[in-house]
Each structure stands twice: as structure tokens, then as C-alpha cells.
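K.L.:
Okay, here's the structure, questions in a sec.
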Amino acid sequence: MKKTVFDGKQWIFELISQSQVKAMVSGSIYKDKRPTGSTKEDVVINSISMDNSFLQDGVFNVNFYVPMLSVSIAGSTQYMPNNNRMAEISKAASQALDNVFKPEYNLTIVNHNTFEVEAENAIYINFRINLKAYN
């Protein structure tokens, strides 16, 4: 039976939920969208594509949000990346999501990067995931 992007998101959700990442982030794990106005460390899983071949190939994003630190520089409040926290979460995320081999699927991290969400004073670490699903 062919798998869907919904299966892929659920598998990734379960992997993160069963890893140390769940206990270390201050927020929650979500599929598709982060709650508006959240200021916590949240995890958001979304899908890019999943083909319909015999050995299905899927691409997913897993975003780990980390609020910026409010610091005073020369009497002015600035928001700076929390690099230590991002490094801790990235390490745990890599352990949970890279080179996962299950009977129904395999997961590997293709690449990762950071993006700023200026309106939310947050940065997220994006992990691009390749998923191979077996029928």
C-alpha cells in the first residue's frame, strides 16, 4: 500500500516524540504549523513532496524554533541568536533524525540551515529530511 505525506509526518513526529528532543524543548511538536504568537522552543514538521514510485521518495522539513536572547548593547535592547541552545537542539535533532532505518521507511538528513523570523524574535533550525518508504 502506498504511503502518503501524512504517514511521513506521523513517522517523524513519533521519532521526535520518542527522542530526547521532546524533553529538552520548552514548547511542543506540531505538524504543518506553529501556533501564532508562540514564544517557546517548538518543533514543526511539514512535507514538501512524496512520489508514488515503488520505493517512494519523500522530502520533509523539520523546523526547530529557538527564541532569540534579549540583550542590552550600549543601552539599547537587541535580539541575538541563542547559539548555545541552537547547538544543543541541533545535536539532539541530528541524533533523532539521521540514518534511521525502520521496516517501513528510512530517514536521512539531507542538509540543515538556520533562518530568522524577525517578527517573532526567533530563529529556526531547518532540517531537510529525505524519507524512503517501502510498500
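Every chain in the C-alpha cells has a letter given in the order shown (A, B, ...), and although residue numbers restart at 1 in each chain, ligands are simply numbered from 1 in the order shown.
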Let's see if you can do this: from backbone DSSP, list all helix (DSSP H, G or I) residues in chain A, as an MDAnalysis selection string.
P.N.:
chainID A and resid 5:17 20:24 83:97 118:120
K.L.:
Could you turn the residues from that selection into a file that holds N, CA, C and O atoms, as a compact mmCIF listing (two decimals), in the first residue's frame?
P.N.:
```
# COMPACT_ATOMS: atom_id res chain seq x y z
N VAL A 5 2.16 11.68 2.45
CA VAL A 5 2.90 12.65 3.26
C VAL A 5 2.43 12.63 4.71
O VAL A 5 3.19 12.92 5.63
N PHE A 6 1.17 12.23 4.92
CA PHE A 6 0.64 12.16 6.28
C PHE A 6 1.32 11.04 7.07
O PHE A 6 1.60 11.19 8.26
N ASP A 7 1.60 9.93 6.40
CA ASP A 7 2.36 8.84 7.04
C ASP A 7 3.76 9.33 7.41
O ASP A 7 4.24 9.11 8.52
N GLY A 8 4.40 10.02 6.47
CA GLY A 8 5.75 10.53 6.71
C GLY A 8 5.81 11.49 7.88
O GLY A 8 6.68 11.39 8.74
N LYS A 9 4.86 12.42 7.93
CA LYS A 9 4.83 13.37 9.04
C LYS A 9 4.60 12.65 10.37
O LYS A 9 5.20 13.01 11.38
N GLN A 10 3.76 11.63 10.36
CA GLN A 10 3.50 10.89 11.59
C GLN A 10 4.75 10.13 12.05
O GLN A 10 5.06 10.11 13.24
N TRP A 11 5.46 9.52 11.12
CA TRP A 11 6.69 8.79 11.47
C TRP A 11 7.71 9.74 12.10
O TRP A 11 8.34 9.42 13.11
N ILE A 12 7.89 10.91 11.48
CA ILE A 12 8.84 11.89 12.00
C ILE A 12 8.37 12.40 13.37
O ILE A 12 9.17 12.54 14.30
N PHE A 13 7.07 12.65 13.49
CA PHE A 13 6.50 13.08 14.78
C PHE A 13 6.82 12.06 15.87
O PHE A 13 7.25 12.42 16.97
N GLU A 14 6.63 10.79 15.57
CA GLU A 14 6.90 9.73 16.55
C GLU A 14 8.38 9.66 16.91
O GLU A 14 8.74 9.49 18.08
N LEU A 15 9.25 9.78 15.91
CA LEU A 15 10.69 9.76 16.19
C LEU A 15 11.09 10.88 17.14
O LEU A 15 11.84 10.67 18.10
N ILE A 16 10.60 12.08 16.89
CA ILE A 16 10.94 13.22 17.74
C ILE A 16 10.31 13.06 19.12
O ILE A 16 10.94 13.34 20.13
N SER A 17 9.06 12.59 19.16
CA SER A 17 8.37 12.41 20.44
C SER A 17 9.06 11.40 21.34
O SER A 17 8.98 11.49 22.56
N GLN A 20 15.14 12.49 22.92
CA GLN A 20 15.42 13.45 23.99
C GLN A 20 14.99 14.86 23.62
O GLN A 20 14.86 15.73 24.48
N VAL A 21 14.73 15.10 22.34
CA VAL A 21 14.31 16.43 21.89
C VAL A 21 13.01 16.85 22.59
O VAL A 21 12.88 17.98 23.04
N LYS A 22 12.07 15.94 22.70
CA LYS A 22 10.77 16.27 23.30
C LYS A 22 10.93 16.84 24.71
O LYS A 22 10.29 17.82 25.06
N ALA A 23 11.80 16.23 25.50
CA ALA A 23 12.00 16.68 26.88
C ALA A 23 12.82 17.96 26.96
O ALA A 23 12.67 18.72 27.92
N MET A 24 13.64 18.23 25.96
CA MET A 24 14.53 19.38 26.08
C MET A 24 13.94 20.68 25.55
O MET A 24 14.38 21.75 25.94
N ASN A 83 22.91 30.89 20.32
CA ASN A 83 23.73 29.89 19.63
C ASN A 83 23.97 28.63 20.47
O ASN A 83 23.97 27.53 19.92
N ASN A 84 24.14 28.78 21.76
CA ASN A 84 24.35 27.60 22.60
C ASN A 84 23.13 26.69 22.58
O ASN A 84 23.25 25.47 22.45
N ARG A 85 21.96 27.28 22.70
CA ARG A 85 20.73 26.49 22.69
C ARG A 85 20.49 25.86 21.32
O ARG A 85 20.08 24.70 21.23
N MET A 86 20.75 26.61 20.27
CA MET A 86 20.58 26.06 18.92
C MET A 86 21.50 24.88 18.70
O MET A 86 21.12 23.88 18.09
N ALA A 87 22.73 24.95 19.20
CA ALA A 87 23.69 23.85 19.06
C ALA A 87 23.20 22.61 19.81
O ALA A 87 23.29 21.49 19.29
N GLU A 88 22.68 22.81 21.02
CA GLU A 88 22.18 21.67 21.81
C GLU A 88 21.02 20.98 21.11
O GLU A 88 20.97 19.75 21.01
N ILE A 89 20.06 21.78 20.63
CA ILE A 89 18.89 21.22 19.97
C ILE A 89 19.28 20.57 18.65
O ILE A 89 18.79 19.49 18.30
N SER A 90 20.20 21.19 17.90
CA SER A 90 20.65 20.61 16.62
C SER A 90 21.30 19.25 16.82
O SER A 90 21.07 18.32 16.04
N LYS A 91 22.10 19.13 17.86
CA LYS A 91 22.76 17.86 18.14
C LYS A 91 21.73 16.77 18.45
O LYS A 91 21.80 15.67 17.91
N ALA A 92 20.77 17.09 19.30
CA ALA A 92 19.72 16.11 19.65
C ALA A 92 18.86 15.77 18.43
O ALA A 92 18.49 14.61 18.22
N ALA A 93 18.55 16.78 17.61
CA ALA A 93 17.75 16.55 16.41
C ALA A 93 18.48 15.64 15.43
O ALA A 93 17.88 14.73 14.84
N SER A 94 19.76 15.87 15.26
CA SER A 94 20.56 15.03 14.36
C SER A 94 20.56 13.57 14.81
O SER A 94 20.43 12.66 14.00
N GLN A 95 20.69 13.38 16.11
CA GLN A 95 20.68 12.01 16.64
C GLN A 95 19.33 11.33 16.41
O GLN A 95 19.27 10.13 16.16
N ALA A 96 18.24 12.10 16.49
CA ALA A 96 16.91 11.52 16.33
C ALA A 96 16.53 11.27 14.88
O ALA A 96 15.75 10.35 14.60
N LEU A 97 17.08 12.07 13.95
CA LEU A 97 16.57 12.05 12.58
C LEU A 97 17.54 11.55 11.51
O LEU A 97 17.13 11.39 10.36
N GLU A 118 12.13 37.41 12.06
CA GLU A 118 12.31 38.68 12.76
C GLU A 118 11.07 39.12 13.51
O GLU A 118 11.16 39.61 14.64
N ALA A 119 9.89 38.92 12.92
CA ALA A 119 8.65 39.35 13.56
C ALA A 119 8.40 38.62 14.89
O ALA A 119 7.70 39.12 15.75
N GLU A 120 9.00 37.44 15.04
CA GLU A 120 8.79 36.64 16.26
C GLU A 120 10.01 36.64 17.18
O GLU A 120 10.01 35.95 18.19
```
K.L.:
Go through range 99-135 of chain A and flag each residue having an atom no more than 10 Å from range 41-50 of chain A; for those, report the closest pair of atoms plus their distance in Å to one decimal, using only C-alpha atoms, ordered by chain and rising number, as a tab-separated table.
P.N.:
```
residue	atom	partner	partner_atom	distance
A:Ala122	CA	A:Glu41	CA	9.1
A:Ile123	CA	A:Glu41	CA	9.7
A:Tyr124	CA	A:Val43	CA	9.0
A:Ile125	CA	A:Val43	CA	9.5
A:Asn126	CA	A:Val44	CA	9.5
A:Phe127	CA	A:Ile45	CA	9.6
A:Arg128	CA	A:Ile48	CA	9.5
A:Ile129	CA	A:Ser47	CA	9.3
A:Asn130	CA	A:Met50	CA	9.7
A:Leu131	CA	A:Met50	CA	8.5
A:Lys132	CA	A:Met50	CA	9.1
A:Ala133	CA	A:Met50	CA	9.1
```
K.L.:
So what do you get for CA of Asn111 in chain A versus CA of Pro67 in chain A, distance-wise?
P.N.:
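Computing the Euclidean distance for CA of Asn111 in chain A and CA of Pro67 in chain A yields 21.8 Å.
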K.L.:
Could you jot down the CA of Glu104 in chain A to CA of Tyr134 in chain A separation for me, Å, one decimal place?
P.N.:
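Those two atoms sit 5.3 Å apart.
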K.L.:
Between A:Asn135, A:Asn63, A:Ser19, A:Gln56, single out the one closest to Thr114 in chain A, counting only C-alpha atoms.
P.N.:
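Comparing A:Asn135, A:Asn63, A:Ser19, A:Gln56 against Thr114 in chain A, the winner is A:Asn63.
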K.L.:
What are the DSSP strand (DSSP E) residues of chain A, as a PyMOL selection string?
P.N.:
chain A and resi 29-31+43-50+55-67+69-73+76-80+100-101+105-117+122-134
K.L.:
Can you work out the spacing between CA of Met68 in chain A and CA of Phe115 in chain A in Å, to one decimal?
P.N.:
11.8 Å
